[in-house]
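Next comes coords_27.txt, a file with compact mmCIF, C-alpha atoms.
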```
# COMPACT_ATOMS: atom_id res chain seq x y z
CA MET A 1 -4.25 -15.48 15.08
CA ALA A 2 -6.15 -12.47 13.76
CA LYS A 3 -4.49 -9.14 14.33
CA LYS A 4 -6.18 -6.62 16.58
CA ASP A 5 -7.57 -3.47 15.05
CA TYR A 6 -4.91 -0.74 15.26
CA TYR A 7 -7.46 2.02 15.83
CA GLU A 8 -9.02 0.01 18.64
CA LEU A 9 -5.60 -0.64 20.19
CA LEU A 10 -4.92 3.10 20.38
CA GLY A 11 -8.49 3.92 21.41
CA VAL A 12 -9.11 6.35 18.53
CA SER A 13 -11.57 6.58 15.66
CA LYS A 14 -10.68 5.81 12.03
CA ASN A 15 -10.82 9.54 11.32
CA ALA A 16 -8.31 10.41 14.04
CA THR A 17 -5.87 13.22 13.25
CA ASP A 18 -2.09 12.91 13.59
CA GLU A 19 -2.25 14.89 16.82
CA GLU A 20 -4.94 12.59 18.25
CA LEU A 21 -2.88 9.53 17.31
CA LYS A 22 0.23 10.95 18.97
CA LYS A 23 -1.68 11.93 22.12
CA ALA A 24 -3.21 8.45 22.45
CA TYR A 25 0.16 6.83 21.78
CA ARG A 26 1.97 8.95 24.41
CA LYS A 27 -0.56 7.92 27.02
CA LEU A 28 -0.41 4.19 26.25
CA ALA A 29 3.38 4.12 25.78
CA LYS A 30 3.86 5.62 29.21
CA LYS A 31 1.34 3.20 30.71
CA TYR A 32 2.85 0.02 29.23
CA HIS A 33 6.57 0.87 29.19
CA PRO A 34 8.36 -2.08 30.89
CA ASP A 35 10.37 0.30 33.10
CA ALA A 36 7.07 1.57 34.47
CA ASN A 37 5.85 -1.99 35.15
CA PRO A 38 8.66 -3.73 37.07
CA ASP A 39 6.26 -6.27 38.59
CA ASN A 40 4.75 -7.30 35.25
CA LYS A 41 7.47 -6.59 32.70
CA GLN A 42 6.73 -9.43 30.26
CA GLU A 43 3.04 -8.66 29.81
CA ALA A 44 3.72 -4.91 29.67
CA GLU A 45 6.38 -5.37 27.01
CA ALA A 46 4.00 -7.47 24.86
CA LYS A 47 1.31 -4.80 25.17
CA PHE A 48 3.84 -2.08 24.42
CA LYS A 49 4.89 -3.84 21.21
CA GLU A 50 1.27 -3.94 20.01
CA VAL A 51 0.76 -0.24 20.74
CA ASN A 52 4.04 0.68 19.08
CA GLU A 53 3.21 -1.41 15.98
CA ALA A 54 -0.17 0.32 15.67
CA TYR A 55 1.30 3.83 15.97
CA GLU A 56 4.19 3.09 13.59
CA THR A 57 1.64 2.08 10.94
CA LEU A 58 -1.04 4.73 11.44
CA SER A 59 1.40 7.64 11.82
CA ASN A 60 2.78 6.93 8.34
CA PRO A 61 0.31 8.29 5.72
CA GLU A 62 1.17 5.69 3.08
CA LYS A 63 1.10 2.75 5.50
CA ARG A 64 -2.14 4.04 7.01
CA ARG A 65 -3.77 4.26 3.56
CA MET A 66 -2.79 0.68 2.78
CA TYR A 67 -3.91 -0.51 6.22
CA ASP A 68 -7.32 1.09 5.66
CA GLN A 69 -7.56 -0.72 2.30
CA PHE A 70 -6.28 -4.15 3.26
CA GLY A 71 -6.35 -4.44 7.06
CA PRO A 72 -3.46 -5.92 9.11
CA ASP A 73 -3.42 -9.27 7.27
CA GLY A 74 -3.84 -8.04 3.68
CA PRO A 75 -1.42 -8.51 0.75
CA GLN A 76 0.54 -5.41 1.67
CA GLY A 77 2.17 -7.38 4.47
CA PHE A 78 1.11 -5.68 7.70
CA GLY A 79 1.14 -7.66 10.86
CA GLY A 80 4.22 -6.42 12.67
CA SER A 81 6.94 -8.28 10.77
CA ASN A 82 10.15 -6.37 11.13
CA PRO A 83 13.23 -8.17 9.83
CA GLY A 84 15.56 -5.90 11.74
CA GLY A 85 13.67 -6.12 15.02
CA GLY A 86 14.14 -2.35 15.43
CA TYR A 87 11.21 -0.96 17.33
CA TYR A 88 10.70 -4.13 19.41
CA SER A 89 14.23 -4.12 20.88
CA TYR A 90 14.21 -3.67 24.66
CA SER A 91 17.18 -3.23 26.95
CA SER A 92 17.68 -2.15 30.54
CA SER A 93 18.66 1.33 29.38
CA GLY A 94 15.57 1.83 27.25
CA PHE A 95 14.19 0.97 23.81
CA ASP A 96 16.58 1.10 20.86
CA GLY A 97 16.02 1.65 17.17
CA PHE A 98 13.63 4.60 17.24
CA SER A 99 15.67 6.81 14.93
CA ASP A 100 13.92 5.29 11.91
CA PHE A 101 10.45 6.25 13.18
CA GLY A 102 10.52 10.03 13.28
CA ASP A 103 9.40 11.45 16.61
CA LEU A 104 9.18 8.17 18.58
CA GLY A 105 12.49 8.87 20.29
CA ASP A 106 11.36 12.38 21.21
CA ILE A 107 8.16 10.97 22.69
CA PHE A 108 10.08 8.60 24.96
CA SER A 109 12.64 11.17 25.95
CA SER A 110 9.81 13.20 27.48
CA PHE A 111 8.87 10.23 29.69
CA PHE A 112 12.11 8.55 30.75
CA GLY A 113 15.50 10.04 31.44
CA GLY A 114 18.70 8.53 30.07
CA GLY A 115 19.17 6.66 26.84
CA PHE A 116 17.33 9.18 24.65
CA SER A 117 19.62 12.17 24.35
CA SER A 118 20.43 13.38 20.84
CA SER A 119 23.74 11.52 20.85
CA SER A 120 22.51 8.21 22.28
CA ARG A 121 19.20 8.09 20.38
CA ARG A 122 20.86 8.39 16.99
CA ASN A 123 23.19 5.48 16.27
CA ASP A 124 24.74 6.13 12.87
CA ASN A 125 26.95 3.07 13.14
CA GLY A 126 24.14 0.66 13.95
CA PRO A 127 22.21 -1.50 11.48
CA LYS A 128 20.09 0.51 9.05
CA LYS A 129 17.22 -0.67 6.90
CA GLY A 130 17.69 -0.22 3.16
CA ALA A 131 15.72 2.33 1.15
CA ASP A 132 12.25 1.43 -0.16
CA LEU A 133 11.65 1.27 -3.91
CA ARG A 134 8.52 2.06 -5.91
CA SER A 135 7.20 0.74 -9.19
CA SER A 136 3.90 0.23 -11.00
CA ILE A 137 2.19 -2.47 -13.07
CA ASP A 138 -0.53 -2.11 -15.71
CA ILE A 139 -3.12 -4.90 -15.75
CA THR A 140 -6.31 -5.53 -17.70
CA PHE A 141 -9.86 -5.68 -16.36
CA GLN A 142 -9.82 -9.46 -16.75
CA GLU A 143 -6.50 -9.83 -14.90
CA ALA A 144 -7.81 -7.78 -11.99
CA TYR A 145 -10.91 -10.00 -11.94
CA THR A 146 -9.08 -13.36 -11.87
CA GLY A 147 -5.77 -12.39 -10.29
CA VAL A 148 -2.50 -12.77 -12.16
CA GLU A 149 1.23 -13.23 -11.71
CA LYS A 150 3.39 -10.59 -13.37
CA GLU A 151 7.12 -10.08 -13.71
CA ILE A 152 8.71 -6.68 -13.43
CA THR A 153 12.27 -5.44 -13.85
CA ILE A 154 13.72 -2.93 -11.41
CA SER A 155 17.13 -1.37 -10.96
CA ARG A 156 18.52 -1.63 -7.44
CA ASP A 157 21.74 -2.00 -5.48
CA GLU A 158 22.70 -5.56 -4.57
CA THR A 159 25.38 -6.89 -2.27
CA CYS A 160 28.70 -7.18 -4.07
CA LYS A 161 29.53 -10.88 -4.48
CA THR A 162 33.25 -10.22 -4.85
CA CYS A 163 33.67 -8.76 -1.36
CA ASN A 164 30.41 -10.07 0.18
CA GLY A 165 29.41 -6.51 0.95
CA SER A 166 32.45 -5.58 3.03
CA GLY A 167 33.80 -3.12 0.44
CA ALA A 168 37.31 -4.43 0.96
CA LYS A 169 39.44 -6.14 -1.68
CA PRO A 170 39.40 -9.96 -1.28
CA GLY A 171 42.23 -11.03 0.97
CA THR A 172 42.12 -7.79 2.96
CA THR A 173 39.98 -6.71 5.88
CA VAL A 174 38.07 -3.65 6.98
CA GLU A 175 39.89 -2.01 9.86
CA THR A 176 38.47 -0.18 12.83
CA CYS A 177 39.15 3.54 12.62
CA SER A 178 42.06 4.40 14.90
CA ALA A 179 40.94 8.00 15.31
CA CYS A 180 37.45 7.37 16.72
CA LYS A 181 37.98 3.76 17.88
CA GLY A 182 35.04 2.64 15.70
CA THR A 183 32.45 5.02 17.13
CA GLY A 184 32.35 7.30 14.10
CA GLN A 185 32.47 10.35 16.38
CA ILE A 186 35.19 12.42 17.96
CA ARG A 187 34.48 13.78 21.43
CA GLN A 188 36.31 16.84 22.70
CA THR A 189 36.28 18.23 26.22
CA GLN A 190 37.02 21.90 26.85
CA ASN A 191 37.28 23.88 30.05
CA THR A 192 35.47 27.21 29.81
CA ILE A 193 34.47 29.93 32.26
CA LEU A 194 31.07 28.22 32.39
CA GLY A 195 32.60 24.88 33.30
CA THR A 196 33.56 21.76 31.41
CA MET A 197 31.86 21.38 28.02
CA GLN A 198 31.88 18.34 25.77
CA THR A 199 31.33 18.53 22.02
CA THR A 200 30.90 15.75 19.48
CA ARG A 201 31.68 15.85 15.77
CA THR A 202 31.76 13.31 12.94
CA CYS A 203 35.11 11.62 12.55
CA SER A 204 36.77 12.95 9.40
CA ASN A 205 39.10 9.96 9.11
CA CYS A 206 36.28 7.46 8.46
CA ASN A 207 33.46 9.89 7.60
CA GLY A 208 31.47 8.65 10.57
CA THR A 209 31.45 4.97 9.57
CA GLY A 210 33.88 3.82 12.27
CA LYS A 211 35.65 1.68 9.66
CA VAL A 212 38.55 2.29 7.28
CA ILE A 213 39.03 0.43 3.98
CA LYS A 214 42.64 0.70 2.91
CA GLU A 215 42.28 -1.47 -0.19
CA PRO A 216 38.79 -1.09 -1.72
CA CYS A 217 37.12 -3.86 -3.74
CA LEU A 218 37.72 -3.27 -7.45
CA ASP A 219 34.17 -4.26 -8.44
CA CYS A 220 32.18 -2.09 -6.04
CA ARG A 221 34.94 0.48 -5.31
CA GLY A 222 34.49 0.12 -1.59
CA LYS A 223 30.72 0.64 -1.54
CA GLY A 224 29.86 -2.99 -0.83
CA THR A 225 27.04 -2.86 -3.37
CA VAL A 226 26.73 -2.88 -7.16
CA ARG A 227 23.86 -1.61 -9.34
CA LYS A 228 21.95 -4.35 -11.13
CA SER A 229 18.65 -5.06 -12.85
CA ALA A 230 16.47 -7.57 -11.04
CA ARG A 231 13.46 -9.48 -12.38
CA ILE A 232 10.82 -10.00 -9.72
CA LYS A 233 7.60 -12.02 -9.86
CA VAL A 234 4.54 -10.34 -8.37
CA LYS A 235 1.37 -12.19 -7.42
CA ILE A 236 -1.59 -9.86 -7.88
CA PRO A 237 -4.70 -11.01 -5.98
CA ALA A 238 -8.11 -11.28 -7.61
CA GLY A 239 -10.26 -8.22 -7.00
CA ILE A 240 -7.48 -5.65 -6.71
CA ASP A 241 -8.51 -2.17 -7.81
CA ASP A 242 -6.89 0.76 -9.58
CA ASN A 243 -4.22 2.62 -7.55
CA GLN A 244 -4.08 -0.01 -4.82
CA THR A 245 -0.60 -0.97 -3.65
CA ILE A 246 1.14 -4.29 -3.08
CA VAL A 247 4.20 -4.41 -0.83
CA LEU A 248 6.97 -6.98 -1.31
CA ARG A 249 8.97 -7.13 1.88
CA GLY A 250 12.74 -7.26 1.50
CA GLU A 251 12.80 -6.49 -2.24
CA GLY A 252 14.13 -2.94 -1.86
CA GLU A 253 17.67 -1.62 -1.48
CA PRO A 254 20.07 -3.57 0.78
CA GLY A 255 20.55 -2.39 4.34
CA SER A 256 23.83 -1.29 5.84
CA LYS A 257 25.73 -2.52 8.87
CA GLY A 258 23.73 -5.74 8.80
CA GLY A 259 20.37 -3.98 8.56
CA PRO A 260 17.42 -5.51 6.66
CA LYS A 261 16.58 -4.79 3.05
CA GLY A 262 14.01 -2.15 2.18
CA ASP A 263 10.61 -2.95 0.67
CA LEU A 264 9.20 -2.68 -2.84
CA TYR A 265 5.90 -0.78 -3.22
CA ILE A 266 4.03 -1.66 -6.41
CA THR A 267 1.05 0.47 -7.48
CA ILE A 268 -1.56 -1.26 -9.64
CA ARG A 269 -2.91 0.64 -12.65
CA LEU A 270 -6.10 -0.78 -14.10
CA ARG A 271 -6.58 -0.33 -17.84
CA LYS A 272 -9.96 0.91 -19.05
CA ASN A 273 -12.41 -1.55 -20.56
CA ASN A 274 -14.57 -0.76 -23.60
CA ILE A 275 -17.66 -2.45 -22.14
CA PHE A 276 -17.39 -2.41 -18.35
CA THR A 277 -16.73 0.13 -15.64
CA ARG A 278 -16.08 -0.54 -11.98
CA LYS A 279 -17.17 1.00 -8.71
CA GLY A 280 -15.94 -0.82 -5.64
CA ASP A 281 -16.52 -4.53 -6.24
CA ASN A 282 -19.50 -3.97 -8.58
CA VAL A 283 -19.27 -3.97 -12.38
CA PHE A 284 -21.46 -1.80 -14.63
CA CYS A 285 -22.33 -1.93 -18.31
CA GLU A 286 -24.99 -0.69 -20.73
CA ILE A 287 -27.10 -3.04 -22.86
CA PRO A 288 -28.99 -1.70 -25.92
CA ILE A 289 -32.43 -3.24 -26.56
CA THR A 290 -35.08 -2.70 -29.24
CA PHE A 291 -38.41 -0.97 -28.87
CA THR A 292 -40.26 -4.27 -29.17
CA GLN A 293 -38.01 -6.00 -26.59
CA ALA A 294 -38.72 -3.23 -24.13
CA THR A 295 -42.44 -3.39 -24.86
CA LEU A 296 -42.99 -7.15 -24.93
CA GLY A 297 -40.17 -8.24 -22.62
CA ALA A 298 -37.30 -10.44 -23.78
CA GLU A 299 -34.57 -12.85 -22.77
CA LEU A 300 -31.22 -11.09 -23.12
CA GLU A 301 -27.68 -12.44 -23.20
CA ILE A 302 -25.57 -10.26 -20.93
CA PRO A 303 -21.76 -10.32 -21.40
CA THR A 304 -19.51 -10.97 -18.40
CA ILE A 305 -15.93 -9.89 -17.72
CA LEU A 306 -14.51 -13.26 -18.78
CA GLY A 307 -16.19 -13.08 -22.20
CA GLU A 308 -19.03 -15.47 -21.43
CA THR A 309 -22.73 -14.54 -21.40
CA VAL A 310 -25.48 -14.88 -18.82
CA LYS A 311 -29.16 -15.12 -19.78
CA TYR A 312 -31.45 -12.61 -18.12
CA THR A 313 -35.17 -12.02 -18.77
CA ILE A 314 -36.46 -8.46 -18.64
CA PRO A 315 -40.19 -7.87 -18.08
CA GLU A 316 -42.58 -6.33 -20.60
CA GLY A 317 -42.90 -2.58 -20.38
CA THR A 318 -39.25 -2.09 -19.44
CA GLN A 319 -38.37 1.59 -19.54
CA HIS A 320 -35.27 3.23 -20.94
CA GLY A 321 -32.56 3.53 -18.27
CA THR A 322 -33.86 0.71 -16.04
CA LYS A 323 -31.10 -1.07 -14.08
CA PHE A 324 -30.97 -4.82 -13.47
CA THR A 325 -28.62 -6.75 -11.16
CA ILE A 326 -26.97 -10.14 -11.68
CA ARG A 327 -25.64 -11.36 -8.38
CA ASN A 328 -22.03 -12.50 -7.81
CA GLN A 329 -20.76 -11.52 -11.26
CA GLY A 330 -18.62 -8.63 -10.00
CA PHE A 331 -15.13 -8.56 -8.47
CA LYS A 332 -14.07 -10.63 -5.49
CA ASN A 333 -13.25 -8.54 -2.45
CA VAL A 334 -9.53 -8.74 -1.67
CA ASN A 335 -10.20 -8.78 2.08
CA GLY A 336 -13.41 -10.78 2.30
CA ASN A 337 -15.23 -13.85 1.06
CA TYR A 338 -17.94 -11.98 -0.78
CA GLN A 339 -18.24 -10.95 -4.43
CA GLY A 340 -19.72 -7.90 -6.10
CA ASP A 341 -22.53 -7.82 -8.65
CA LEU A 342 -22.92 -7.09 -12.35
CA ILE A 343 -25.35 -4.18 -12.84
CA PHE A 344 -26.52 -3.42 -16.37
CA THR A 345 -28.63 -0.54 -17.66
CA VAL A 346 -30.94 -1.04 -20.65
CA LEU A 347 -30.94 1.59 -23.37
CA VAL A 348 -34.06 1.47 -25.54
CA GLN A 349 -33.18 2.15 -29.16
CA VAL A 350 -35.89 3.81 -31.30
CA PRO A 351 -35.69 2.99 -35.00
CA LYS A 352 -34.73 6.00 -37.14
CA ARG A 353 -36.19 4.73 -40.42
CA LEU A 354 -39.33 2.66 -40.99
CA SER A 355 -40.83 1.04 -44.06
CA LYS A 356 -44.38 2.01 -45.06
CA GLU A 357 -45.66 -1.29 -43.70
CA GLN A 358 -43.91 -0.81 -40.37
CA ARG A 359 -45.19 2.74 -40.13
CA ASP A 360 -48.77 1.68 -40.84
CA ILE A 361 -48.55 -1.00 -38.15
CA LEU A 362 -47.29 1.50 -35.59
CA MET A 363 -50.01 3.98 -36.51
CA GLN A 364 -52.66 1.32 -36.00
CA LEU A 365 -51.07 0.46 -32.67
CA ALA A 366 -51.12 4.10 -31.67
CA LYS A 367 -54.85 4.34 -32.49
CA THR A 368 -55.63 1.34 -30.27
CA MET A 369 -53.76 3.04 -27.45
CA ASN A 370 -55.62 6.33 -27.92
CA GLU A 371 -52.44 8.03 -29.07
CA GLN A 372 -52.28 10.73 -31.75
CA PRO A 373 -50.29 9.30 -34.68
CA PRO A 374 -47.48 11.45 -36.05
CA VAL A 375 -48.46 13.86 -38.88
CA LYS A 376 -45.95 14.86 -41.54
CA LYS A 377 -45.59 18.60 -42.12
CA ARG A 378 -43.69 20.23 -44.94
CA GLY A 379 -42.68 23.23 -42.88
CA LEU A 380 -43.36 25.35 -39.86
CA PHE A 381 -45.70 27.70 -41.82
CA GLY A 382 -47.61 25.04 -43.82
```

Represent the structure from my file as structure tokens, please.
Amino acid sequence: MAKKDYYELLGVSKNATDEELKKAYRKLAKKYHPDANPDNKQEAEAKFKEVNEAYETLSNPEKRRMYDQFGPDGPQGFGGSNPGGGYYSYSSSGFDGFSDFGDLGDIFSSFFGGGFSSSSRRNDNGPKKGADLRSSIDITFQEAYTGVEKEITISRDETCKTCNGSGAKPGTTVETCSACKGTGQIRQTQNTILGTMQTTRTCSNCNGTGKVIKEPCLDCRGKGTVRKSARIKVKIPAGIDDNQTIVLRGEGEPGSKGGPKGDLYITIRLRKNNIFTRKGDNVFCEIPITFTQATLGAELEIPTILGETVKYTIPEGTQHGTKFTIRNQGFKNVNGNYQGDLIFTVLVQVPKRLSKEQRDILMQLAKTMNEQPPVKKRGLFG
């Protein structure tokens, strides 16, 4: 099923500012929150997920740029897939998982009481998505035209195979912190002249993790991950342009506490070509022709990106700088079924040196055309 347009879902234009996006999102989130629709919770929750997915994408500058390039179903992987299920998680006390999305928690705390205080909204001991990684690939003009599969090498953390990511030495277990009972926080209650006050601080015994490793794994030293080089195959679609980005979901750093892996963002860098230039899906080149070809017309052989040639007949009297178009010889559009064109410009070359015979012929031609033939002069003053 085709994804709905995110801008249309939020009711904003494609040039909407961050403030306009947030304002539209606040309005729709309040309207479709399941707690506000007790008689139609299932339909409201589905609508809320769509609105939330749209705002999560468009409020992120990088994700918004890629969405504008590829749309929701493009190679960058939009479409609402979220391995961790974070921003879709609904419970009777509210929506969980908003700490990863900036001000989403603050937006909801202004609508619904309970479940969004600073202590309950931030769950440091819950699953966390791994960090995203970035890389780049250089490709040729021809590879961008046909599409290509490349292999890159990146350095990233991977789950330690010795301890399976627990951080504990094989044969031992990770224990729950006795000081904070696994919460990662120590709560203290004090009686003051203003009444009873409760403060919360990070547990120093477990550094806020809620777990204690008494015997760390010797390979990862208790981290649960080890640094390794990974070789990854990347399928680059035909028609991709310079500085466009491909996203490989789940190829980033590993998550923690059972959270999903991060993503790998790969920026494409298109090498320059000696013959062709590109603008959008169209390809441009310059073709030199002779004076007689321009005058009498001629059948030319025009080079294409793949090294082949296409025959094209120019009419007589063709002027210097005239542009001609060969349909469907440009780049395929990465989001559509259409293809760009090959546009070439003719450059009429005037001979610099002529034989006496050639000069006489041109002078006779000039006379028949009522033109003044060139006259040689030895100097400016005769």

>> Just want the 12 Å neighbourhood of range 202-204 of chain A, counted on all atoms listed in the file, with same-chain residues fewer than 4 positions away dropped. Output as a list in words.
In response: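 Residues meeting the cut-off are Ser119, Asp124, Asn125, Cys177, Ser178, Ala179, Cys180, Lys181, Gly182, Thr183, Gly184, Gln185, Ile186, Arg187, Gln188, Gly208, Thr209, Gly210, Lys211 and Val212 of chain A.
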
>> Around (27.9, -11.3, -7.0), as given in the file, which residues come within 12 Å? Count all atoms listed in the file and list them as a ChimeraX atom specification.
In response: /A:157-165,219-220,224-228

>> From the options A:Val334, A:Phe344, A:Pro237, A:Glu308, which residue's atoms come nearest to Gly321 in chain A, counting all atoms listed in the file?
In response: A:Phe344

> By how many Å are CA of Gly147 in chain A and CA of Thr267 in chain A apart?
Replying inline: 14.8 Å

> Between A:Tyr145, A:Phe291, A:Phe331, A:Tyr32, which one has atoms that come closest to Val350 in chain A, using only C-alpha atoms?
Replying inline: A:Phe291

>> What does the structure give for the distance between CA of Ile139 in chain A and CA of Leu347 in chain A, in Å to one decimal?
In response: 29.6 Å

>> Counting all atoms listed in the file, which residues sit no farther than 12 Å from the position (-15.0, -11.4, 1.9) in the file's frame? I'd like them as a PyMOL selection string.
In response: chain A and resi 70+74+238-239+281+331-340

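Going from CA of Asp35 in chain A to CA of Gly259 in chain A covers 26.8 Å.
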
> Hey, which of A:Lys14, A:Lys27, A:Arg221, A:Lys233 ends up closest to Thr153 in chain A? Count only C-alpha atoms.
Replying inline: A:Lys233

> When distances are computed from only C-alpha atoms, which of A:Lys150, A:Lys169, A:Arg64, A:Arg269 shows the smallest separation from Leu21 in chain A?
Replying inline: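 For Leu21 in chain A, the nearest of the given residues is A:Arg64.
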
First collect every listed atom of range 284-299 of chain A; then fit an axis-aligned box around them, widen it by 4 Å on each side, and give centre and edge lengths in Å to one decimal, as JSON.
```
{"center_x": -32.2, "center_y": -6.8, "center_z": -21.9, "size_x": 29.5, "size_y": 20.2, "size_z": 22.6}
```
